[in-house]
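The structure appears right after this line, and notes come after that.
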Amino acid sequence: MRRIICHIDMDAFFAAVEEREKPYLKGLPVIVGADPQGGEGRGVVSTANYAARAYGIKSATPISRAWEMSERARKEGKPACAFITPRHGKYGDASREVFVIIGQYSPMIEQVSVDEAYLDFSHHRTFAVAKRAAQKMRTEIRRKTKLTASVGIGPNKLIAKIASDANKPNGLTVVLPRQAEDFLAIQSLAAIPGIGKKAVEKFARRDMKTVADAKALTWEEVVDMFGKWGFGLYERLRAIDDRPLAAEEARKSIGRHHTFDADTLSMEEVFAVLREQGSKIIHDMKRKGFTGFRTVVVTVRFADFDTKTRSLTVAQPLAGERELDTKAVKLALPFFDSRENKERRAIRLIGLRVEKLV
Ligand code: TTP
Ligand code: MG
């Protein structure tokens, strides 16, 4: 059966939730993020609504800079931004409202984050029918949650994702299989998921900005530039993407792993990495709309590539960095002595993961 993939991404999600719950925000530029403290604040913007984006403010803009831009707009006679402290619990609630609706539109869904998912729409058989279903889904979301979503439909995840971004906010974009390669060719390379700042710079050094530019590279050149990752990239540039939707299990866990520059048996070094991983995991967890976890898993790969995991599950969900760190250290300790490492092998890789998210 021909694949039809749908990607949905809520518009200015945190800000939109605040707008629906705080009527006084109507029509104003809204920023959700760290406290600006009159321009002295540290931290960044989580998201900005589209009115605030018109001032040049977006996710990850330093909050002090956002304050400056808002002040400048105010002096020009435009409305100043409303700065709102994030309320992650509310965004989690709103996300669940949205996903209850989405769940009725596809037998297979991969939730990517609090406001984003892939839906398998292949059962609709034609793109025209899939488009009607997507329109209906968007209308139902808007009516029931007062939030808007942008949707993209395409022959694979890559095209669907870029399509959903193509007409934001509140857009619906369909890219047919025969249009996919041309649609992709005109995109900037940064539009391809996985191509970050460094990769963009690498391409720029060869005067390449768009996907079309990069298609001039041979397979060998792409692999030369990016190593193993280049295999997939060469195909992506040609709109080929066979990645399946990730299974239910995968999205129910959040983790990190780290390979040491040199194999190590230093507890100090390993625990420092675990602490950093824990902090990132808690951050991701909140971003994805979860409030806690019940299972912690530590993975260790020794110098000889032998890989072991230890895990623990608690009855009451844990939520904080400190709690995660305590459990992680407890799980990791036996890898340093005879309990799990009789030969005193050095550690090559350490991984930390939380599961049973709530
Ligand atoms: P996004 O979907 O990337 O952004 P968005 O929904 O605010 O805006 P749009 O999709 O219309 O471009 O992220 C979803 C939410 O995740 C966002 O509302 C806030 C949060 N988030 C952060 O906290 N920090 C970030 O750097 C990003 C990108 C998002
Ligand atoms: Mg979004």
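Residue numbering restarts at 1 for every chain of the structure tokens, chains are lettered A, B, ... in their displayed order, and ligands are numbered from 1 as they appear.
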Give me, as CSV, each residue of chain A that comes within 6 Å of ligand 1, together with its shortest interatomic pair and the distance in Å at one decimal, counting only C-alpha atoms and all ligand atoms, with rows ordered by chain and rising residue number.
```
residue,atom,partner,partner_atom_place_in_ligand_line,distance
A:Asp9,CA,ligand 1,10 (O),5.6
A:Met10,CA,ligand 1,6 (O),5.1
A:Asp11,CA,ligand 1,11 (O),3.3
A:Ala12,CA,ligand 1,7 (O),3.2
A:Phe13,CA,ligand 1,18 (O),3.7
A:Phe14,CA,ligand 1,18 (O),4.0
A:Ser46,CA,ligand 1,23 (O),3.7
A:Thr47,CA,ligand 1,7 (O),4.7
A:Ser59,CA,ligand 1,26 (O),4.6
A:Ala60,CA,ligand 1,26 (O),4.9
A:Asp115,CA,ligand 1,14 (C),5.5
A:Pro169,CA,ligand 1,11 (O),5.8
A:Arg287,CA,ligand 1,23 (O),5.8
```
Which residues in region 22-133 of chain A does DSSP call helix (DSSP H, G or I)? List them as a ChimeraX atom specification.
/A:23-25,37-39,50-53,63-75,88-102,122-124,127-133
Any residue with an atom at most 12 Å from ligand 2 counts, using only C-alpha atoms and all ligand atoms. Which are they? Put them as a PyMOL selection string.
chain A and resi 7-17+46-50+58-59+91+95+112-117+147-151+161+164-165+168-171+287-288
For the structure I just gave you, how does DSSP split region 231-276 of chain A - specifically, which residues are strand (DSSP E)? Reply as a list in words.
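For region 231-276 of chain A, the strand (DSSP E) set is Ile254, Gly255, Arg256, His257, His258, Thr259, Phe260, Asp261, Ala262, Asp263 and Thr264 of chain A.
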Report as CSV the residues of region 86-188 of chain A within 12 Å of region 214-223 of chain A, each with its shortest atom pair and distance in Å (one decimal), using only C-alpha atoms, ordered by chain and increasing residue number.
```
residue,atom,partner,partner_atom,distance
A:Glu181,CA,A:Lys215,CA,10.8
A:Asp182,CA,A:Lys215,CA,11.7
A:Leu184,CA,A:Lys215,CA,10.8
A:Ala185,CA,A:Lys215,CA,8.3
A:Ile186,CA,A:Ala214,CA,11.0
A:Gln187,CA,A:Ala214,CA,10.9
A:Ser188,CA,A:Ala214,CA,9.9
```
Residues just named, written with N, CA and C atoms as a compact mmCIF listing (two decimals), in the first residue's frame:
```txt
# COMPACT_ATOMS: atom_id res chain seq x y z
N GLU A 181 10.13 15.74 -4.66
CA GLU A 181 11.53 16.10 -4.90
C GLU A 181 11.68 17.59 -5.23
N ASP A 182 10.76 18.12 -6.03
CA ASP A 182 10.83 19.55 -6.38
C ASP A 182 10.52 20.43 -5.17
N LEU A 184 11.09 19.74 -2.14
CA LEU A 184 12.24 19.69 -1.24
C LEU A 184 13.41 20.51 -1.79
N ALA A 185 13.59 20.46 -3.09
CA ALA A 185 14.77 21.09 -3.71
C ALA A 185 14.84 22.59 -3.41
N ILE A 186 13.68 23.24 -3.30
CA ILE A 186 13.70 24.70 -3.08
C ILE A 186 13.88 25.08 -1.60
N GLN A 187 13.88 24.08 -0.70
CA GLN A 187 14.02 24.38 0.73
C GLN A 187 15.48 24.68 1.06
N SER A 188 15.65 25.47 2.12
CA SER A 188 17.02 25.67 2.60
C SER A 188 17.45 24.37 3.28
```
Would you pick out the contacts of Arg345 (chain A) at 8 Å or less, using only C-alpha atoms, so that residues sharing its chain but fewer than 2 positions from it are not included, and give the list as a VMD selection string?
chain A and resid 265 302 to 304 341 to 343 347
Preceding selection exported with N, CA and C atoms as a compact mmCIF listing (two decimals), in the first residue's frame:
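Here's the written file result-v5.txt:
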```
# COMPACT_ATOMS: atom_id res chain seq x y z
N LEU A 265 37.77 4.83 34.20
CA LEU A 265 37.22 4.18 35.40
C LEU A 265 37.12 5.22 36.52
N PHE A 302 31.49 -1.30 28.21
CA PHE A 302 32.89 -1.36 28.61
C PHE A 302 33.79 -1.25 27.39
N ALA A 303 35.10 -1.11 27.67
CA ALA A 303 36.07 -0.94 26.59
C ALA A 303 35.99 -2.08 25.57
N ASP A 304 35.63 -3.30 26.06
CA ASP A 304 35.54 -4.43 25.12
C ASP A 304 34.16 -4.52 24.45
N ASN A 341 31.70 -5.73 37.59
CA ASN A 341 32.88 -5.47 36.78
C ASN A 341 34.12 -6.09 37.41
N LYS A 342 34.12 -7.43 37.45
CA LYS A 342 35.20 -8.15 38.14
C LYS A 342 36.57 -7.82 37.56
N GLU A 343 36.63 -7.71 36.23
CA GLU A 343 37.94 -7.51 35.59
C GLU A 343 38.40 -6.06 35.60
N ILE A 347 35.31 2.06 31.27
CA ILE A 347 33.99 2.35 30.69
C ILE A 347 34.16 3.20 29.43
```
Quick one: pull the distance between CA of Glu68 (chain A) and CA of Gly33 (chain A), Å, one decimal.
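A separation of 14.6 Å between them.
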Could you tell me how far CA of Lys146 (chain A) lies from CA of Gly289 (chain A), in Å and to one decimal?
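That distance, rounded to one decimal, is 18.5 Å.
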Mind checking which residues fall within 12 Å of Arg256 (chain A), counting only C-alpha atoms, ignoring those fewer than 4 positions away in the same chain, and posting them as a list in words?
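Near Arg256 (chain A), the qualifying residues are Val273, Leu274, Arg275, Glu276, Gln277, Gly278, Ser279, Lys280, Ile281, Ile282, His283, Asp284, Met285, Val296, Val297, Val298, Thr299, Val300, Leu349, Ile350, Gly351, Leu352, Arg353 and Val354 of chain A.
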Selection: 9 Å around Ser106 (chain A), only C-alpha atoms, excl. self and same-chain fewer than 5 positions, as a list in words:
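Everything that qualifies: Leu119, Asp120, Phe121 and His123 of chain A.
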Please report the interatomic distance between CA of Asn167 (chain A) and CA of Ala190 (chain A) in Å with one decimal.
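Straight-line distance from CA of Asn167 (chain A) to CA of Ala190 (chain A) works out to 16.7 Å.
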